[in-house]
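A.B. asks: Structure incoming, see below.
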Amino acid sequence: MFELLLSIFCAYRNALLAKRKGQNVVVWVIITIVAFFLAYSIGGGILIAIMYRGPMEPAAVSEYILSRPVLSITIMFFGLGGYLLTRYILEKMTGPEREGE
């Protein structure tokens, strides 16, 4: 549940930046959410592959993650990496010229 709220907050922050840069806000919200969950999934999968040594059953893996809160937080930081990647791409784009600058 917290992952969903975090991804919405990240999408909102990138939407503000996209609006400032003159880009399509909806497109960048979708890109941010997809990048967040893609990085979240890939990073979590790699982390589980490295650390987990039990049976590869969904219930067992889920119980392993839920019993270690630091692991859950680490996986969320992978999702933030996806957000930061899209934010970096947006910041490198040129925005509309403003008067007086």
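Please note that chains go A, B, ... in the order of the structure tokens, that every chain numbers its residues from 1, and that ligands are numbered from 1 in the order shown.
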Give me the residues within 12 Å of range 12-21 of chain A as a ChimeraX atom specification, counting only C-alpha atoms and dropping any in the same chain fewer than 5 places off.
C.D. replies: /A:5-7,26-33,35-36,82-98
A.B. asks: Please write the residues from the selection above to a file, keeping N, CA and C atoms, as a PDB file, in the first residue's frame.
C.D. replies:
```pdb
ATOM      1  N   LEU A   5       1.226   4.774  -2.674  1.00  0.00           N
ATOM      2  CA  LEU A   5       1.245   6.179  -2.260  1.00  0.00           C
ATOM      3  C   LEU A   5       2.559   6.862  -2.650  1.00  0.00           C
ATOM      4  N   LEU A   6       3.647   6.145  -2.484  1.00  0.00           N
ATOM      5  CA  LEU A   6       4.949   6.692  -2.840  1.00  0.00           C
ATOM      6  C   LEU A   6       5.044   6.939  -4.344  1.00  0.00           C
ATOM      7  N   SER A   7       4.534   6.012  -5.147  1.00  0.00           N
ATOM      8  CA  SER A   7       4.581   6.202  -6.600  1.00  0.00           C
ATOM      9  C   SER A   7       3.694   7.371  -7.037  1.00  0.00           C
ATOM     10  N   VAL A  26       0.363  14.223 -18.435  1.00  0.00           N
ATOM     11  CA  VAL A  26      -0.187  12.868 -18.316  1.00  0.00           C
ATOM     12  C   VAL A  26       0.836  11.824 -18.763  1.00  0.00           C
ATOM     13  N   VAL A  27       1.527  12.109 -19.840  1.00  0.00           N
ATOM     14  CA  VAL A  27       2.537  11.170 -20.339  1.00  0.00           C
ATOM     15  C   VAL A  27       3.628  10.963 -19.297  1.00  0.00           C
ATOM     16  N   TRP A  28       4.087  12.029 -18.677  1.00  0.00           N
ATOM     17  CA  TRP A  28       5.167  11.911 -17.710  1.00  0.00           C
ATOM     18  C   TRP A  28       4.706  11.286 -16.401  1.00  0.00           C
ATOM     19  N   VAL A  29       3.451  11.437 -16.048  1.00  0.00           N
ATOM     20  CA  VAL A  29       2.914  10.736 -14.874  1.00  0.00           C
ATOM     21  C   VAL A  29       2.926   9.234 -15.132  1.00  0.00           C
ATOM     22  N   ILE A  30       2.477   8.828 -16.316  1.00  0.00           N
ATOM     23  CA  ILE A  30       2.462   7.402 -16.654  1.00  0.00           C
ATOM     24  C   ILE A  30       3.871   6.845 -16.728  1.00  0.00           C
ATOM     25  N   ILE A  31       4.786   7.579 -17.348  1.00  0.00           N
ATOM     26  CA  ILE A  31       6.176   7.128 -17.443  1.00  0.00           C
ATOM     27  C   ILE A  31       6.776   6.976 -16.051  1.00  0.00           C
ATOM     28  N   THR A  32       6.494   7.916 -15.163  1.00  0.00           N
ATOM     29  CA  THR A  32       7.039   7.856 -13.804  1.00  0.00           C
ATOM     30  C   THR A  32       6.509   6.644 -13.048  1.00  0.00           C
ATOM     31  N   ILE A  33       5.224   6.386 -13.137  1.00  0.00           N
ATOM     32  CA  ILE A  33       4.645   5.249 -12.413  1.00  0.00           C
ATOM     33  C   ILE A  33       5.180   3.932 -12.971  1.00  0.00           C
ATOM     34  N   ALA A  35       8.075   3.481 -14.558  1.00  0.00           N
ATOM     35  CA  ALA A  35       9.491   3.381 -14.187  1.00  0.00           C
ATOM     36  C   ALA A  35       9.648   3.012 -12.713  1.00  0.00           C
ATOM     37  N   PHE A  36       8.792   3.577 -11.860  1.00  0.00           N
ATOM     38  CA  PHE A  36       8.848   3.263 -10.432  1.00  0.00           C
ATOM     39  C   PHE A  36       8.620   1.773 -10.204  1.00  0.00           C
ATOM     40  N   GLY A  82      13.814   4.501 -10.020  1.00  0.00           N
ATOM     41  CA  GLY A  82      13.069   4.702 -11.265  1.00  0.00           C
ATOM     42  C   GLY A  82      12.513   6.106 -11.366  1.00  0.00           C
ATOM     43  N   TYR A  83      12.002   6.613 -10.237  1.00  0.00           N
ATOM     44  CA  TYR A  83      11.507   7.993 -10.197  1.00  0.00           C
ATOM     45  C   TYR A  83      12.642   8.977 -10.486  1.00  0.00           C
ATOM     46  N   LEU A  84      13.785   8.770  -9.862  1.00  0.00           N
ATOM     47  CA  LEU A  84      14.908   9.684 -10.050  1.00  0.00           C
ATOM     48  C   LEU A  84      15.433   9.661 -11.480  1.00  0.00           C
ATOM     49  N   LEU A  85      15.357   8.498 -12.119  1.00  0.00           N
ATOM     50  CA  LEU A  85      15.777   8.415 -13.520  1.00  0.00           C
ATOM     51  C   LEU A  85      14.874   9.255 -14.404  1.00  0.00           C
ATOM     52  N   THR A  86      13.562   9.164 -14.220  1.00  0.00           N
ATOM     53  CA  THR A  86      12.654   9.978 -15.031  1.00  0.00           C
ATOM     54  C   THR A  86      12.794  11.461 -14.692  1.00  0.00           C
ATOM     55  N   ARG A  87      13.042  11.768 -13.441  1.00  0.00           N
ATOM     56  CA  ARG A  87      13.239  13.164 -13.046  1.00  0.00           C
ATOM     57  C   ARG A  87      14.499  13.725 -13.708  1.00  0.00           C
ATOM     58  N   TYR A  88      15.555  12.925 -13.766  1.00  0.00           N
ATOM     59  CA  TYR A  88      16.793  13.354 -14.412  1.00  0.00           C
ATOM     60  C   TYR A  88      16.560  13.649 -15.891  1.00  0.00           C
ATOM     61  N   ILE A  89      15.811  12.771 -16.557  1.00  0.00           N
ATOM     62  CA  ILE A  89      15.509  12.969 -17.976  1.00  0.00           C
ATOM     63  C   ILE A  89      14.700  14.254 -18.171  1.00  0.00           C
ATOM     64  N   LEU A  90      13.732  14.482 -17.293  1.00  0.00           N
ATOM     65  CA  LEU A  90      12.917  15.704 -17.389  1.00  0.00           C
ATOM     66  C   LEU A  90      13.750  16.956 -17.130  1.00  0.00           C
ATOM     67  N   GLU A  91      14.645  16.902 -16.167  1.00  0.00           N
ATOM     68  CA  GLU A  91      15.453  18.085 -15.855  1.00  0.00           C
ATOM     69  C   GLU A  91      16.403  18.445 -16.979  1.00  0.00           C
ATOM     70  N   LYS A  92      16.834  17.464 -17.758  1.00  0.00           N
ATOM     71  CA  LYS A  92      17.756  17.734 -18.866  1.00  0.00           C
ATOM     72  C   LYS A  92      17.052  18.337 -20.066  1.00  0.00           C
ATOM     73  N   MET A  93      15.717  18.254 -20.117  1.00  0.00           N
ATOM     74  CA  MET A  93      14.977  18.833 -21.236  1.00  0.00           C
ATOM     75  C   MET A  93      14.968  20.349 -21.122  1.00  0.00           C
ATOM     76  N   THR A  94      14.946  20.976 -22.289  1.00  0.00           N
ATOM     77  CA  THR A  94      14.879  22.432 -22.275  1.00  0.00           C
ATOM     78  C   THR A  94      13.421  22.857 -22.148  1.00  0.00           C
ATOM     79  N   GLY A  95      13.209  23.871 -21.359  1.00  0.00           N
ATOM     80  CA  GLY A  95      11.850  24.372 -21.140  1.00  0.00           C
ATOM     81  C   GLY A  95      11.591  25.592 -21.998  1.00  0.00           C
ATOM     82  N   PRO A  96      10.389  26.121 -21.903  1.00  0.00           N
ATOM     83  CA  PRO A  96      10.068  27.341 -22.657  1.00  0.00           C
ATOM     84  C   PRO A  96      10.877  28.506 -22.127  1.00  0.00           C
ATOM     85  N   GLU A  97      11.279  29.386 -23.030  1.00  0.00           N
ATOM     86  CA  GLU A  97      12.067  30.553 -22.624  1.00  0.00           C
ATOM     87  C   GLU A  97      11.166  31.538 -21.885  1.00  0.00           C
ATOM     88  N   ARG A  98      11.655  32.053 -20.782  1.00  0.00           N
ATOM     89  CA  ARG A  98      10.902  33.052 -20.008  1.00  0.00           C
ATOM     90  C   ARG A  98      11.531  34.423 -20.230  1.00  0.00           C
TER      91      ARG A  98
END
```
A.B. asks: Record the distance separating CA of Gly44 in chain A and CA of Ile75 in chain A, expressed in Å with one decimal.
C.D. replies: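 Pair CA of Gly44 in chain A / CA of Ile75 in chain A returns 5.2 Å.
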A.B. asks: Near range 60-70 of chain A, within 12 Å and counting only C-alpha atoms, which residues show up once chain neighbours fewer than 6 positions away are dropped, as a list of chain:residue names?
C.D. replies: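 Returned residues: A:Gly44, A:Gly45, A:Leu47, A:Ile48, A:Ala49, A:Met51, A:Tyr52, A:Arg53, A:Gly54, A:Met76, A:Phe77.
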A.B. asks: Can you check which residues of chain A DSSP gives as helix (DSSP H, G or I) on the backbone and send them as a count of residues only?
C.D. replies: 80
A.B. asks: Could you please determine the separation between CA of Gln23 in chain A and CA of Leu4 in chain A in Å, to one decimal place?
C.D. replies: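 Between CA of Gln23 in chain A and CA of Leu4 in chain A the gap is 23.8 Å.
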A.B. asks: What does the distance between CA of Ile8 in chain A and CA of Leu80 in chain A come to in Å, to one decimal place?
C.D. replies: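 One can read the CA of Ile8 in chain A to CA of Leu80 in chain A distance as 11.5 Å.
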